[in-house]
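entry_26.cif (mmCIF, C-alpha atoms)
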```cif
data_work
loop_
_atom_site.label_atom_id
_atom_site.label_comp_id
_atom_site.auth_asym_id
_atom_site.auth_seq_id
_atom_site.Cartn_x
_atom_site.Cartn_y
_atom_site.Cartn_z
CA ARG A 300 -19.43 74.88 20.67
CA SER A 301 -17.22 71.87 20.26
CA HIS A 302 -18.18 69.05 17.90
CA GLU A 303 -16.35 65.79 17.30
CA ILE A 304 -14.78 65.59 13.84
CA GLN A 305 -13.45 62.37 12.34
CA TYR A 306 -11.80 61.70 8.98
CA ASP A 307 -11.83 58.45 7.01
CA ASP A 308 -8.55 58.06 5.08
CA GLN A 309 -10.03 55.44 2.76
CA THR A 310 -13.14 57.34 1.64
CA GLY A 311 -12.02 60.95 2.17
CA VAL A 312 -15.21 61.59 4.14
CA TYR A 313 -15.33 63.87 7.17
CA THR A 314 -17.93 63.11 9.83
CA ILE A 315 -19.03 65.79 12.26
CA THR A 316 -20.90 64.55 15.32
CA ALA A 317 -22.83 67.52 16.62
CA SER A 318 -22.92 68.15 20.35
CA SER A 319 -26.36 69.79 20.03
CA GLU A 320 -29.32 69.75 17.65
CA ASP A 321 -28.71 73.38 16.68
CA PHE A 322 -25.96 73.24 14.03
CA LYS A 323 -25.31 76.42 12.04
CA ILE A 324 -23.48 76.58 8.68
CA LEU A 325 -22.14 79.85 7.26
CA HIS A 326 -21.66 80.04 3.49
CA LEU A 327 -18.94 82.37 2.17
CA THR A 328 -17.86 82.86 -1.42
CA ASP A 329 -15.74 85.10 -3.69
CA ILE A 330 -13.60 86.61 -0.93
CA HIS A 331 -11.01 87.51 -3.62
CA LEU A 332 -7.84 87.90 -1.53
CA GLY A 333 -4.88 89.20 -3.52
CA GLY A 334 -2.13 88.35 -1.03
CA SER A 335 0.25 91.15 -2.05
CA LEU A 336 1.43 94.50 -0.69
CA PHE A 337 -0.68 96.28 -3.32
CA SER A 338 -3.86 94.42 -2.35
CA TYR A 339 -3.24 94.75 1.39
CA GLN A 340 -5.95 97.30 2.15
CA LYS A 341 -8.64 95.40 0.21
CA ASP A 342 -7.54 92.09 1.71
CA LEU A 343 -7.72 93.56 5.20
CA LYS A 344 -11.26 94.82 4.59
CA ALA A 345 -12.30 91.39 3.31
CA LEU A 346 -10.79 89.54 6.28
CA LYS A 347 -12.36 92.00 8.74
CA ALA A 348 -15.73 91.44 7.06
CA VAL A 349 -15.31 87.67 7.41
CA TYR A 350 -14.35 88.02 11.08
CA ALA A 351 -17.36 90.25 11.73
CA GLU A 352 -19.66 87.70 10.10
CA LEU A 353 -18.14 84.92 12.21
CA ALA A 354 -18.62 86.94 15.39
CA TYR A 355 -22.22 87.79 14.46
CA SER A 356 -23.44 84.40 13.24
CA GLN A 357 -21.38 82.12 15.51
CA PRO A 358 -21.36 79.25 12.98
CA ASP A 359 -20.43 75.64 13.71
CA LEU A 360 -19.04 75.17 10.19
CA VAL A 361 -18.02 77.51 7.36
CA ILE A 362 -18.20 76.49 3.70
CA VAL A 363 -16.12 78.59 1.27
CA THR A 364 -17.31 77.99 -2.30
CA GLY A 365 -14.48 79.26 -4.42
CA ASP A 366 -12.50 82.34 -5.40
CA LEU A 367 -10.81 82.63 -2.05
CA CYS A 368 -7.81 83.81 -4.10
CA PHE A 369 -7.78 86.40 -6.87
CA PRO A 370 -4.38 86.10 -8.66
CA LEU A 371 -5.30 88.20 -11.67
CA GLY A 372 -2.26 90.44 -12.05
CA VAL A 373 -3.37 93.96 -13.03
CA MET A 374 -6.94 93.44 -11.76
CA SER A 375 -5.87 92.30 -8.29
CA PHE A 376 -2.27 93.62 -8.28
CA SER A 377 -1.15 90.08 -7.49
CA LEU A 378 -0.37 86.67 -8.96
CA ASN A 379 -0.07 85.14 -5.50
CA ASN A 380 -2.52 82.36 -4.66
CA PHE A 381 -0.47 80.94 -1.80
CA ALA A 382 -0.44 83.82 0.71
CA PRO A 383 -4.25 84.26 0.60
CA VAL A 384 -4.80 80.62 1.53
CA ASN A 385 -2.41 80.92 4.47
CA GLN A 386 -3.98 84.21 5.59
CA PHE A 387 -7.51 82.83 5.55
CA ALA A 388 -6.47 79.54 7.16
CA ALA A 389 -4.78 81.48 9.98
CA LEU A 390 -7.95 83.56 10.51
CA MET A 391 -10.13 80.45 10.72
CA ARG A 392 -7.66 78.63 12.95
CA ASN A 393 -7.55 81.57 15.37
CA ALA A 394 -11.34 81.85 15.28
CA GLY A 395 -11.56 78.15 16.11
CA VAL A 396 -14.23 77.45 13.48
CA PRO A 397 -14.05 74.35 11.21
CA TRP A 398 -14.21 75.17 7.51
CA ALA A 399 -14.31 73.46 4.14
CA PHE A 400 -13.41 74.72 0.69
CA THR A 401 -14.14 74.04 -2.94
CA TYR A 402 -12.47 75.72 -5.93
CA GLY A 403 -13.74 78.61 -8.02
CA ASN A 404 -12.56 79.75 -11.43
CA HIS A 405 -10.00 82.24 -10.07
CA ASP A 406 -8.16 80.25 -7.39
CA THR A 407 -5.70 78.75 -9.87
CA GLU A 408 -5.29 81.17 -12.76
CA SER A 409 -2.82 80.31 -15.53
CA LEU A 410 -0.19 82.79 -14.31
CA ALA A 411 -0.73 82.24 -10.59
CA SER A 412 2.25 81.48 -8.38
CA LEU A 413 0.95 77.99 -7.56
CA SER A 414 -0.37 75.50 -10.12
CA LYS A 415 -3.52 73.45 -9.54
CA SER A 416 -1.55 70.52 -8.15
CA ASP A 417 0.67 72.78 -6.01
CA LEU A 418 -2.31 74.58 -4.48
CA ASN A 419 -3.97 71.22 -3.83
CA GLU A 420 -0.87 70.14 -1.88
CA ALA A 421 -0.83 73.47 -0.03
CA PHE A 422 -4.41 72.90 1.14
CA LYS A 423 -3.53 69.36 2.23
CA ALA A 424 -0.60 70.70 4.25
CA LEU A 425 -2.99 73.03 6.09
CA SER A 426 -5.77 70.48 6.47
CA PHE A 427 -7.23 68.57 9.38
CA LYS A 428 -4.23 66.48 10.41
CA THR A 429 -2.25 69.69 10.85
CA SER A 430 -4.79 72.33 11.82
CA ALA A 431 -7.71 70.26 13.16
CA ASN A 432 -10.14 72.74 11.61
CA LEU A 433 -9.72 72.72 7.80
CA LEU A 434 -11.77 69.84 6.39
CA TYR A 435 -9.89 69.41 3.11
CA PRO A 436 -9.84 65.80 1.87
CA TYR A 437 -6.56 63.94 1.44
CA THR A 438 -8.36 61.32 -0.64
CA GLN A 439 -10.49 62.05 -3.71
CA PRO A 440 -13.34 60.03 -5.23
CA GLU A 441 -12.48 58.76 -8.72
CA ILE A 442 -14.38 61.46 -10.57
CA THR A 443 -13.51 64.61 -12.54
CA GLY A 444 -12.37 67.68 -10.66
CA ARG A 445 -10.56 68.61 -7.48
CA ASN A 446 -11.77 68.62 -3.91
CA ASN A 447 -15.01 66.76 -4.50
CA GLN A 448 -16.01 65.69 -1.04
CA LEU A 449 -18.75 64.51 1.28
CA ILE A 450 -19.15 65.84 4.81
CA GLU A 451 -21.54 63.91 7.04
CA LEU A 452 -23.38 65.57 9.89
CA ARG A 453 -24.52 63.16 12.58
CA GLY A 454 -26.38 63.47 15.84
CA ALA A 455 -25.03 62.39 19.21
CA ASP A 456 -26.74 59.01 18.68
CA GLY A 457 -24.90 58.47 15.38
CA SER A 458 -27.95 59.14 13.19
CA LEU A 459 -27.36 60.98 9.93
CA THR A 460 -28.85 64.48 9.97
CA ALA A 461 -27.34 65.89 6.74
CA ALA A 462 -24.95 65.02 3.92
CA LEU A 463 -23.04 67.96 2.44
CA PHE A 464 -21.58 67.47 -1.04
CA LEU A 465 -18.92 69.86 -2.32
CA ILE A 466 -18.53 69.39 -6.07
CA ASP A 467 -16.00 70.94 -8.44
CA SER A 468 -18.03 72.26 -11.40
CA ASN A 469 -14.83 72.36 -13.53
CA VAL A 470 -15.84 75.82 -14.73
CA ALA A 471 -12.48 77.54 -15.14
CA ALA A 472 -12.47 80.57 -17.43
CA PRO A 473 -9.81 80.22 -20.17
CA GLN A 474 -8.42 83.70 -19.50
CA LEU A 475 -5.63 83.57 -22.06
CA THR A 476 -8.06 83.01 -24.94
CA GLY A 477 -10.42 85.74 -23.86
CA ALA A 478 -13.36 83.31 -23.91
CA LEU A 479 -16.26 83.92 -21.54
CA LEU A 480 -18.18 81.46 -19.43
CA PRO A 481 -21.57 80.41 -20.78
CA GLN A 482 -24.29 82.86 -19.70
CA ASN A 483 -26.93 80.13 -19.67
CA PRO A 484 -26.80 78.31 -16.28
CA THR A 485 -27.77 75.08 -18.05
CA ASP A 486 -24.64 75.31 -20.20
CA ARG A 487 -22.51 75.76 -17.10
CA VAL A 488 -23.90 72.59 -15.55
CA ARG A 489 -22.63 70.67 -18.59
CA HIS A 490 -19.08 71.17 -17.28
CA ILE A 491 -19.93 68.58 -14.60
CA ALA A 492 -19.06 65.18 -16.06
CA PHE A 493 -21.63 62.39 -15.80
CA PRO A 494 -19.63 60.27 -13.27
CA THR A 495 -19.40 63.37 -11.07
CA ALA A 496 -23.13 63.99 -11.36
CA VAL A 497 -24.03 60.47 -10.23
CA TRP A 498 -21.40 60.34 -7.47
CA PRO A 499 -23.64 62.04 -4.83
CA HIS A 500 -26.43 59.55 -5.62
CA ASN A 501 -24.10 56.57 -5.17
CA ALA A 502 -22.56 58.09 -2.04
CA CYS A 503 -26.02 58.66 -0.55
CA ASP A 504 -26.85 55.00 -1.17
CA SER A 505 -23.71 54.01 0.74
CA VAL A 506 -24.50 56.41 3.57
CA MET A 507 -28.07 55.15 3.91
CA LYS A 508 -26.91 51.52 3.90
CA PHE A 509 -24.45 52.41 6.66
CA LYS A 510 -27.25 54.09 8.60
CA ALA A 511 -29.44 51.01 8.16
CA ASN A 512 -26.66 48.83 9.54
CA LEU A 513 -26.37 51.11 12.56
CA LEU A 514 -30.08 50.69 13.18
CA GLY A 515 -29.82 46.94 12.76
CA LYS A 516 -32.17 46.75 9.79
#
```
Represent the structure from my file as structure tokens, please.
Amino acid sequence: RSHEIQYDDQTGVYTITASSEDFKILHLTDIHLGGSLFSYQKDLKALKAVYAELAYSQPDLVIVTGDLCFPLGVMSFSLNNFAPVNQFAALMRNAGVPWAFTYGNHDTESLASLSKSDLNEAFKALSFKTSANLLYPYTQPEITGRNNQLIELRGADGSLTAALFLIDSNVAAPQLTGALLPQNPTDRVRHIAFPTAVWPHNACDSVMKFKANLLGK
């Protein structure tokens, strides 16, 4: 099914206007692509599994919540975090399914081939203006983290049906020090800075005011 997708350069918000009331979202995470000759067989299995899930569920949108790449040297036989992004983007482009992404703790490891800023630019180069199916924001809200974004889902009449917030938790394991992530989920939430935590609330206020204006209230 084809849905209209628009991007606002000023706010960094994508708006999907659904062509039907039945809108299906597929959530994928921790695909762990190595992107090297040594990880080829595992990568192929992972990509085939993703393709099978796409074929089975027929989603209108895919959300990938981190660890698309796994540049962990000996553990993944690769330090490459550029090839996996290109491989997955090509799969999604050929499948014709829009997708969005937010970072995990392995996508930009300390020894990875691309730094945080470089990988951010790589995603932008593959994003909507180029591919028409990767919903990666070119503009960021002024809060902590990368790729914090809002995706609006609207009906054919312009009414808001859902607001999807993708938030960078800033939980990146300091691999070189050997430290572990907090086991208590509450401690992990503390990585989200206060301005980031209140951003969805403020954004929702703006969205609802916009909706009210559309309704003439």
Exercise for review: Using only C-alpha atoms, determine which residues lie at most 10 Å from Glu451 (chain A), disregarding the query and same-chain residues fewer than 3 positions distant; provide the list as a PyMOL selection string.
Suggested key: chain A and resi 304-305+312-316+448+459-464+506
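For the choices A:Ala424, A:Leu332, A:Met391, A:Leu371, the atom-to-atom distance to Glu408 (chain A) is smallest for A:Leu371 when using all atoms listed in the file.
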**Study point:** Picked residues, the PyMOL selection byres ((chain A and resi 429-443) around 6), as a VMD selection string
**Key:** chain A and resid 311 397 to 399 425 to 428 444 495
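Atom to atom, CA of Ala394 (chain A) and CA of Ala354 (chain A) stand 8.9 Å apart.
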Provide an axis-aligned box for all listed atoms of region 382-399 of chain A, padding each side by 4 Å; report its centre and its edge lengths in Å to one decimal, as AutoDock Vina command-line options.
```
--center_x -7.4 --center_y 78.9 --center_z 8.4 --size_x 21.9 --size_y 18.8 --size_z 23.5
```
